[in-house]
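J.: Just one file: start.cif, with mmCIF, C-alpha atoms (C1' of nucleotides).
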```cif
data_run
loop_
_atom_site.label_atom_id
_atom_site.label_comp_id
_atom_site.auth_asym_id
_atom_site.auth_seq_id
_atom_site.Cartn_x
_atom_site.Cartn_y
_atom_site.Cartn_z
CA MET A 20 130.95 99.26 122.03
CA ASP A 21 131.81 102.52 120.36
CA GLN A 22 130.65 103.84 117.03
CA LEU A 23 133.74 102.64 115.20
CA VAL A 24 133.51 99.09 116.41
CA ARG A 25 129.79 98.91 115.74
CA TYR A 26 130.36 100.13 112.18
CA ALA A 27 133.35 97.89 111.55
CA GLY A 28 131.45 94.79 110.48
CA PHE A 29 129.17 96.03 107.75
CA GLY A 30 130.95 98.66 105.65
CA VAL A 31 128.48 99.21 102.83
CA LEU A 32 125.48 99.11 105.17
CA ALA A 33 126.71 101.96 107.37
CA PRO A 34 125.35 104.80 105.21
CA LEU A 35 121.87 103.21 104.97
CA ILE A 36 119.17 104.72 107.16
CA GLY A 37 117.17 101.50 106.81
CA TYR A 38 119.95 99.50 108.38
CA HIS A 39 120.22 101.76 111.41
CA LEU A 40 116.45 101.75 111.68
CA ARG A 41 116.42 97.95 111.73
CA ARG A 42 119.08 97.74 114.43
CA ALA A 43 117.60 100.46 116.61
CA HIS A 44 114.11 99.01 116.27
CA GLY A 45 115.36 95.56 117.25
CA ALA A 46 117.09 96.99 120.30
CA PHE A 47 113.91 98.77 121.34
CA VAL A 48 111.76 95.68 120.88
CA VAL A 49 114.00 93.58 123.11
CA ASP A 50 114.10 96.08 125.96
CA PHE A 51 110.40 96.89 125.56
CA GLY A 52 109.57 93.24 126.09
CA ALA A 53 111.68 93.18 129.24
CA ALA A 54 110.05 96.38 130.48
CA LEU A 55 106.57 94.86 130.21
CA SER A 56 107.43 91.38 131.49
CA GLY A 57 104.93 90.15 134.01
CA THR A 58 102.13 92.42 132.80
CA GLY A 59 100.99 90.04 130.04
CA MET A 60 101.11 93.00 127.66
CA ARG A 61 102.98 93.48 124.40
CA GLN A 62 103.84 96.52 122.31
CA ILE A 63 100.91 96.04 119.95
CA LEU A 64 98.40 95.57 122.80
CA VAL A 65 99.55 98.76 124.52
CA GLY A 66 99.12 100.55 121.20
CA ILE A 67 95.55 99.33 120.96
CA LEU A 68 94.75 100.36 124.54
CA ALA A 69 96.23 103.79 123.85
CA VAL A 70 94.14 104.31 120.73
CA ILE A 71 90.95 103.23 122.51
CA ALA A 72 91.77 105.52 125.45
CA ASN A 73 92.19 108.34 122.98
CA GLN A 74 88.99 107.60 121.03
CA PRO A 75 86.50 105.84 123.29
CA GLY A 76 83.84 103.90 121.39
CA ILE A 77 86.08 103.41 118.33
CA ASN A 78 85.62 100.15 116.42
CA GLN A 79 88.16 97.44 115.57
CA GLY A 80 88.69 98.37 111.96
CA ALA A 81 89.42 101.99 112.80
CA VAL A 82 91.96 100.96 115.45
CA GLY A 83 93.61 98.73 112.88
CA ARG A 84 93.84 101.49 110.30
CA ILE A 85 95.46 103.83 112.81
CA LEU A 86 98.01 101.23 113.92
CA ASP A 87 98.56 99.51 110.54
CA ILE A 88 97.07 96.23 111.76
CA LYS A 89 95.01 94.17 109.33
CA ARG A 90 91.36 93.48 110.19
CA ALA A 91 92.00 89.74 110.32
CA ASN A 92 94.77 90.19 112.86
CA MET A 93 92.75 92.56 115.01
CA VAL A 94 90.31 89.80 115.97
CA SER A 95 92.54 87.74 118.24
CA LEU A 96 94.22 90.86 119.64
CA ILE A 97 90.88 92.32 120.73
CA ASN A 98 89.84 88.90 122.03
CA GLU A 99 92.96 88.85 124.20
CA LEU A 100 92.16 92.27 125.62
CA VAL A 101 88.50 91.40 126.23
CA ASP A 102 89.45 88.06 127.85
CA ALA A 103 91.87 89.93 130.11
CA GLN A 104 89.00 92.30 130.99
CA LEU A 105 90.98 95.32 129.81
CA VAL A 106 88.57 96.24 127.00
CA CYS A 107 84.81 95.94 126.76
CA ARG A 108 83.23 95.26 123.39
CA LEU A 109 79.60 96.19 122.71
CA VAL A 110 77.58 96.06 119.51
CA ASP A 111 77.42 99.61 118.16
CA PRO A 112 73.70 100.56 118.10
CA GLN A 113 74.39 102.94 115.17
CA ASP A 114 75.96 100.16 113.05
CA ARG A 115 75.17 96.63 114.17
CA ARG A 116 78.03 95.17 112.13
CA ALA A 117 80.57 96.99 114.30
CA PHE A 118 81.76 96.72 117.88
CA SER A 119 82.19 99.78 120.05
CA LEU A 120 85.38 99.45 122.11
CA ASN A 121 86.08 101.06 125.47
CA LEU A 122 88.66 100.57 128.20
CA THR A 123 87.47 98.98 131.42
CA GLU A 124 88.68 100.47 134.68
CA LYS A 125 91.23 97.67 134.78
CA GLY A 126 92.24 98.52 131.22
CA ALA A 127 92.81 102.16 132.05
CA GLU A 128 94.94 101.14 135.04
CA MET A 129 96.93 98.69 132.92
CA LEU A 130 97.59 101.36 130.30
CA GLN A 131 98.84 103.68 133.03
CA ILE A 132 101.17 101.02 134.44
CA CYS A 133 102.49 100.18 130.98
CA LEU A 134 103.10 103.82 130.09
CA GLU A 135 105.12 104.27 133.27
CA ARG A 136 107.23 101.21 132.49
CA ILE A 137 107.62 102.31 128.88
CA SER A 138 108.75 105.73 130.04
CA ALA A 139 111.51 104.11 132.14
CA HIS A 140 112.43 101.89 129.19
CA GLU A 141 112.74 104.91 126.89
CA GLN A 142 114.94 106.72 129.40
CA ARG A 143 117.15 103.62 129.59
CA MET A 144 117.42 103.29 125.81
CA LEU A 145 118.02 107.01 125.21
CA GLU A 146 120.23 107.80 128.17
CA GLY A 147 122.77 110.04 126.49
CA PHE A 148 120.28 111.99 124.37
CA THR A 149 119.52 115.66 124.98
CA ASP A 150 115.94 116.94 124.84
CA LEU A 151 116.75 118.62 121.55
CA GLU A 152 118.06 115.36 120.09
CA LEU A 153 114.95 113.51 121.24
CA ALA A 154 112.72 116.10 119.61
CA GLN A 155 114.77 115.86 116.41
CA LEU A 156 114.57 112.08 116.40
CA ARG A 157 110.79 112.12 116.95
CA ASP A 158 110.39 114.65 114.16
CA LEU A 159 112.66 112.85 111.68
CA LEU A 160 111.05 109.46 112.34
CA GLY A 161 107.57 110.99 112.20
CA ARG A 162 108.26 112.25 108.69
CA ILE A 163 108.87 108.72 107.40
CA ALA A 164 105.57 107.49 105.97
CA ARG A 165 104.30 104.22 104.62
CA PRO A 166 104.54 104.36 100.82
CA VAL A 167 101.02 102.89 100.57
CA PRO A 168 98.82 103.05 103.68
CA VAL A 169 97.20 99.84 104.97
CA GLU A 170 93.94 99.09 103.13
CA ASP A 171 93.18 95.51 104.19
CA MET B 14 98.60 112.72 105.46
CA ASP B 15 100.11 115.50 107.48
CA GLN B 16 101.69 115.41 110.91
CA LEU B 17 98.52 116.41 112.67
CA VAL B 18 96.37 113.74 111.10
CA ARG B 19 98.98 111.07 111.63
CA TYR B 20 99.23 112.01 115.31
CA ALA B 21 95.49 112.28 115.82
CA GLY B 22 94.76 108.65 116.56
CA PHE B 23 97.18 107.76 119.31
CA GLY B 24 97.55 110.69 121.72
CA VAL B 25 99.67 109.16 124.49
CA LEU B 26 101.90 107.31 122.04
CA ALA B 27 102.98 110.42 120.17
CA PRO B 28 105.83 111.40 122.54
CA LEU B 29 107.32 107.88 122.50
CA ILE B 30 110.43 107.38 120.37
CA GLY B 31 109.72 103.64 120.33
CA TYR B 32 106.38 104.21 118.67
CA HIS B 33 107.82 106.33 115.88
CA LEU B 34 110.62 103.81 115.49
CA ARG B 35 108.08 101.00 115.07
CA ARG B 36 106.09 102.89 112.47
CA ALA B 37 109.09 104.10 110.50
CA HIS B 38 110.68 100.65 110.57
CA GLY B 39 107.47 99.06 109.31
CA ALA B 40 107.25 101.56 106.48
CA PHE B 41 110.86 100.83 105.49
CA VAL B 42 110.35 97.07 105.58
CA VAL B 43 107.36 97.24 103.25
CA ASP B 44 109.07 99.42 100.66
CA PHE B 45 112.34 97.48 101.00
CA GLY B 46 110.52 94.29 100.08
CA ALA B 47 109.03 95.98 97.03
CA ALA B 48 112.44 97.36 96.03
CA LEU B 49 113.98 93.87 96.04
CA SER B 50 111.07 92.01 94.46
CA GLY B 51 112.17 89.66 91.74
CA THR B 52 115.73 89.33 93.06
CA GLY B 53 114.88 86.55 95.53
CA MET B 54 116.69 88.57 98.19
CA ARG B 55 115.49 89.86 101.55
CA GLN B 56 116.83 92.48 103.96
CA ILE B 57 118.59 89.93 106.13
CA LEU B 58 120.24 88.18 103.17
CA VAL B 59 121.58 91.47 101.80
CA GLY B 60 122.97 92.18 105.26
CA ILE B 61 124.80 88.86 105.25
CA LEU B 62 126.21 89.44 101.75
CA ALA B 63 127.39 92.89 102.82
CA VAL B 64 129.17 91.56 105.91
CA ILE B 65 130.89 88.81 103.90
CA ALA B 66 131.91 91.34 101.24
CA ASN B 67 133.41 93.47 103.97
CA GLN B 68 135.21 90.60 105.73
CA PRO B 69 135.97 87.86 103.20
CA GLY B 70 136.58 84.47 104.82
CA ILE B 71 134.47 85.32 107.89
CA ASN B 72 132.55 82.41 109.47
CA GLN B 73 128.82 82.01 110.15
CA GLY B 74 128.95 82.72 113.86
CA ALA B 75 130.83 85.96 113.38
CA VAL B 76 128.35 87.14 110.76
CA GLY B 77 125.54 86.35 113.15
CA ARG B 78 127.13 88.29 115.99
CA ILE B 79 127.58 91.35 113.77
CA LEU B 80 124.00 91.24 112.51
CA ASP B 81 122.33 89.99 115.74
CA ILE B 82 121.28 86.72 114.15
CA LYS B 83 121.35 83.57 116.29
CA ARG B 84 123.64 80.75 115.25
CA ALA B 85 120.71 78.39 114.79
CA ASN B 86 119.01 80.79 112.42
CA MET B 87 122.18 81.42 110.40
CA VAL B 88 122.18 77.84 109.10
CA SER B 89 119.21 78.04 106.74
CA LEU B 90 120.09 81.58 105.70
CA ILE B 91 123.60 80.56 104.61
CA ASN B 92 122.13 77.45 102.97
CA GLU B 93 119.85 79.70 100.92
CA LEU B 94 122.78 81.84 99.79
CA VAL B 95 124.94 78.82 98.97
CA ASP B 96 122.06 77.14 97.08
CA ALA B 97 121.59 80.36 95.10
CA GLN B 98 125.35 80.27 94.35
CA LEU B 99 125.86 83.71 95.88
CA VAL B 100 128.16 82.51 98.66
CA CYS B 101 130.75 79.76 98.74
CA ARG B 102 131.36 77.88 101.97
CA LEU B 103 134.69 76.08 102.60
CA VAL B 104 135.98 74.35 105.70
CA ASP B 105 138.40 76.77 107.36
CA PRO B 106 141.83 75.01 107.42
CA GLN B 107 142.78 77.00 110.55
CA ASP B 108 139.67 75.79 112.46
CA ARG B 109 138.00 72.74 110.99
CA ARG B 110 134.79 73.35 112.98
CA ALA B 111 134.17 76.55 111.07
CA PHE B 112 133.22 77.46 107.51
CA SER B 113 135.02 80.22 105.68
CA LEU B 114 132.51 82.29 103.73
CA ASN B 115 133.16 84.26 100.56
CA LEU B 116 131.02 85.88 97.89
CA THR B 117 130.97 84.22 94.50
CA GLU B 118 131.18 86.44 91.46
CA LYS B 119 127.42 86.11 91.16
CA GLY B 120 127.09 87.05 94.84
CA ALA B 121 129.14 90.21 94.38
CA GLU B 122 126.98 91.17 91.40
CA MET B 123 123.79 90.49 93.33
CA LEU B 124 125.00 92.64 96.23
CA GLN B 125 125.72 95.45 93.79
CA ILE B 126 122.26 95.20 92.22
CA CYS B 127 120.60 95.12 95.62
CA LEU B 128 122.56 98.12 96.88
CA GLU B 129 121.48 100.11 93.84
CA ARG B 130 117.84 99.21 94.39
CA ILE B 131 118.15 99.94 98.11
CA SER B 132 119.65 103.30 97.33
CA ALA B 133 116.62 104.18 95.18
CA HIS B 134 114.33 102.88 97.95
CA GLU B 135 116.04 105.09 100.52
CA GLN B 136 115.71 108.13 98.30
CA ARG B 137 112.02 107.35 97.90
CA MET B 138 111.45 106.94 101.64
CA LEU B 139 113.49 110.01 102.60
CA GLU B 140 112.48 112.35 99.81
CA GLY B 141 112.08 115.58 101.80
CA PHE B 142 115.15 115.11 104.00
CA THR B 143 118.20 117.34 103.73
CA ASP B 144 121.70 115.87 103.86
CA LEU B 145 122.10 117.32 107.33
CA GLU B 146 118.90 115.67 108.50
CA LEU B 147 119.99 112.33 107.06
CA ALA B 148 123.32 112.58 108.86
CA GLN B 149 121.52 113.48 112.09
CA LEU B 150 119.13 110.56 111.73
CA ARG B 151 121.97 108.10 111.05
CA ASP B 152 123.85 109.43 114.05
CA LEU B 153 120.88 109.39 116.42
CA LEU B 154 119.81 105.88 115.38
CA GLY B 155 123.40 104.67 115.54
CA ARG B 156 123.61 105.70 119.18
CA ILE B 157 120.74 103.40 120.15
CA ALA B 158 122.30 100.14 121.33
CA ARG B 159 120.97 96.74 122.29
CA PRO B 160 120.76 96.65 126.11
CA VAL B 161 122.36 93.18 126.10
CA PRO B 162 124.23 92.10 122.95
CA VAL B 163 123.30 88.78 121.30
CA GLU B 164 125.16 85.86 122.92
CA ASP B 165 123.43 82.85 121.47
"C1'" DT C 15 135.30 72.64 128.95
"C1'" DA C 16 134.18 75.91 125.20
"C1'" DT C 17 133.01 76.80 120.49
"C1'" DT C 18 131.13 75.95 115.44
"C1'" DG C 19 127.66 74.43 113.13
"C1'" DT C 20 123.33 71.59 113.10
"C1'" DT C 21 118.56 69.84 113.92
"C1'" DA C 22 114.13 70.18 115.74
"C1'" DT C 23 110.76 72.93 117.39
"C1'" DA C 24 107.73 76.68 118.83
"C1'" DC C 25 105.92 81.24 119.21
"C1'" DT C 26 104.92 85.83 117.39
"C1'" DC C 27 103.88 88.86 113.70
"C1'" DT C 28 102.10 89.49 109.40
"C1'" DA C 29 99.63 88.34 105.11
"C1'" DT C 30 95.78 86.42 101.99
"C1'" DA C 31 91.42 84.44 100.82
"C1'" DA C 32 86.85 83.12 101.70
"C1'" DC C 33 83.03 83.46 104.72
"C1'" DT C 34 78.67 85.97 107.60
"C1'" DA C 35 75.99 89.68 108.80
"C1'" DT C 36 74.73 94.01 108.29
"C1'" DA C 37 74.54 98.59 105.62
"C1'" DT D 15 77.73 96.42 96.37
"C1'" DA D 16 80.45 97.70 100.11
"C1'" DT D 17 81.85 97.31 104.91
"C1'" DA D 18 82.69 95.07 109.91
"C1'" DG D 19 84.08 91.31 111.79
"C1'" DT D 20 85.50 86.28 111.48
"C1'" DT D 21 87.95 81.95 110.33
"C1'" DA D 22 91.62 79.33 108.50
"C1'" DT D 23 96.01 79.21 107.02
"C1'" DA D 24 100.74 80.19 105.56
"C1'" DG D 25 105.16 82.52 105.57
"C1'" DA D 26 108.68 85.18 107.77
"C1'" DG D 27 111.48 86.18 111.82
"C1'" DT D 28 113.14 84.88 116.04
"C1'" DA D 29 113.71 81.99 120.29
"C1'" DT D 30 115.44 77.67 123.00
"C1'" DA D 31 117.41 73.18 123.84
"C1'" DA D 32 120.08 69.30 122.69
"C1'" DC D 33 123.50 67.24 119.69
"C1'" DA D 34 128.17 66.22 116.88
"C1'" DA D 35 132.69 67.54 115.66
"C1'" DT D 36 136.59 70.11 116.75
"C1'" DA D 37 139.50 73.24 119.66
#
```
Please re-express this file's structure in structure tokens.
T.:
Amino acid sequence: MDQLVRYAGFGVLAPLIGYHLRRAHGAFVVDFGAALSGTGMRQILVGILAVIANQPGINQGAVGRILDIKRANMVSLINELVDAQLVCRLVDPQDRRAFSLNLTEKGAEMLQICLERISAHEQRMLEGFTDLELAQLRDLLGRIARPVPVED
Amino acid sequence: MDQLVRYAGFGVLAPLIGYHLRRAHGAFVVDFGAALSGTGMRQILVGILAVIANQPGINQGAVGRILDIKRANMVSLINELVDAQLVCRLVDPQDRRAFSLNLTEKGAEMLQICLERISAHEQRMLEGFTDLELAQLRDLLGRIARPVPVED
DNA sequence: TATTGTTATACTCTATAACTATA
DNA sequence: TATAGTTATAGAGTATAACAATA
């Protein structure tokens, strides 16, 4: 399907960034799911593993704020990861309300596997893009911010 | 929040286009909802109105294929638009299985109102972007395709 | 036999409000 | 009183399968 055909159906939507964002995002989500099939992981879970890998000992609320996930929704996500033995959750001795999160060895391996699959998925989705175009796209998307950051 | 702070939390995710796409899309969705509040419209409904405006007489299935919406999910969406008297639905005399869809006068007005609000929303979300950057972003996003198009 | 629209259903993601325990 | 985590719940969005009417 070329540009012209893809644009043909929705005239007034074509100039809207939001529309292209929605389509592109949907395309990514579908292929991302396929890329991770069999691992039991999903986009949001990989995000959580990545944040914990980057900040060992971080607590649930902080992970949620970084990834725009509400506290209430973090609970079952972290439960999933703990049940799958990918994350270990310990009461933080400094603040006994909070849990300190760390990757298990299995969790670190799973993150590695997922990142490899995701890398292949990205190459598939962005086949015709030059390195410059990829850098531009990352930069342009990175400059789009939430109007109001997640509070709770 | 500057680039550095926003990148701080998720090290390995930062190079991934899919991650930036997810964040940017989420930000757009939130502000889009706010932009349309009070109209009773949602992103997907505006998309449907826009496609019908662009191809008067089009049927449900064709709208769904253009917007990647499954046939089964089109039913209640079109019902909503018909109930709100924004779309009129007539049996197509050429193919009596199908419905021919057209905007009502009220539907055309609603689309116009929504497009104006969406335009303001886009300007808000993309405040620091130059025209060149917007064109680049549209082009780059437009080149991302669904790996397998929606069949059913 | 294929296609248009329909119904029923289920799963994921996201959102809010009210609760508990600690600080 | 504020914060970390929890529970319950509800609304979107999206997915599949099976069905009726028409081509």
J.: Give me, as a VMD selection string, the contact residues of chain C against chain B at a cut-off of 8 Å, counting all atoms listed in the file.
T.: chain C and resid 18 to 20
J.: Run the PyMOL selection byres ((chain D) within 12 of (chain B)) on the file and write out the hits as an MDAnalysis selection string.
T.: chainID D and resid 26:31 34:37
J.: I need the residue nearest chain A from this list: B:Leu99, B:Leu90, B:Leu49, B:Ile79. Use only C-alpha atoms for the distance.
T.: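 Ranking B:Leu99, B:Leu90, B:Leu49, B:Ile79 by distance to chain A, first place goes to B:Ile79.
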J.: Give me, as a ChimeraX atom specification, the residues of chain A touching chain B, with the criterion being at most 7 Å (counting only C-alpha atoms).
T.: /A:28-32,36-37,39-41,43-44,46-47,50,69-70,73,85,144-145,156-157,159-161,163-166
J.: Neighbouring residues of DA32 (chain D) were defined as those with any atom within 12 Å, considering all atoms listed in the file; residues of the same chain fewer than 5 positions away were excluded. Please report them as a VMD selection string.
T.: chain C and resid 20 to 23
J.: Would you translate the PyMOL selection byres ((chain C and resi 29) around 9) into the concrete set of residues it matches in this file, as an NGL selection string?
T.: (:A and (89)) or (:C and (28 or 30)) or (:D and (24-25))
J.: For Leu64 (chain A), list every protein, DNA or RNA residue within 9 Å, evaluated using all atoms listed in the file, and leave out those in the same chain fewer than 6 positions away; present the list as a PyMOL selection string.
T.: chain A and resi 96-97+99-100
J.: Rounded to one decimal, what separation in Å do you get between C1' of DT34 (chain C) and C1' of DT23 (chain D)?
T.: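 Those two atoms sit 18.6 Å apart.
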J.: Please, what distance in Å, to one decimal, runs between CA of Ser50 (chain B) and CA of Thr143 (chain B)?
T.: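 About the pair CA of Ser50 (chain B) and CA of Thr143 (chain B): they are 27.9 Å apart.
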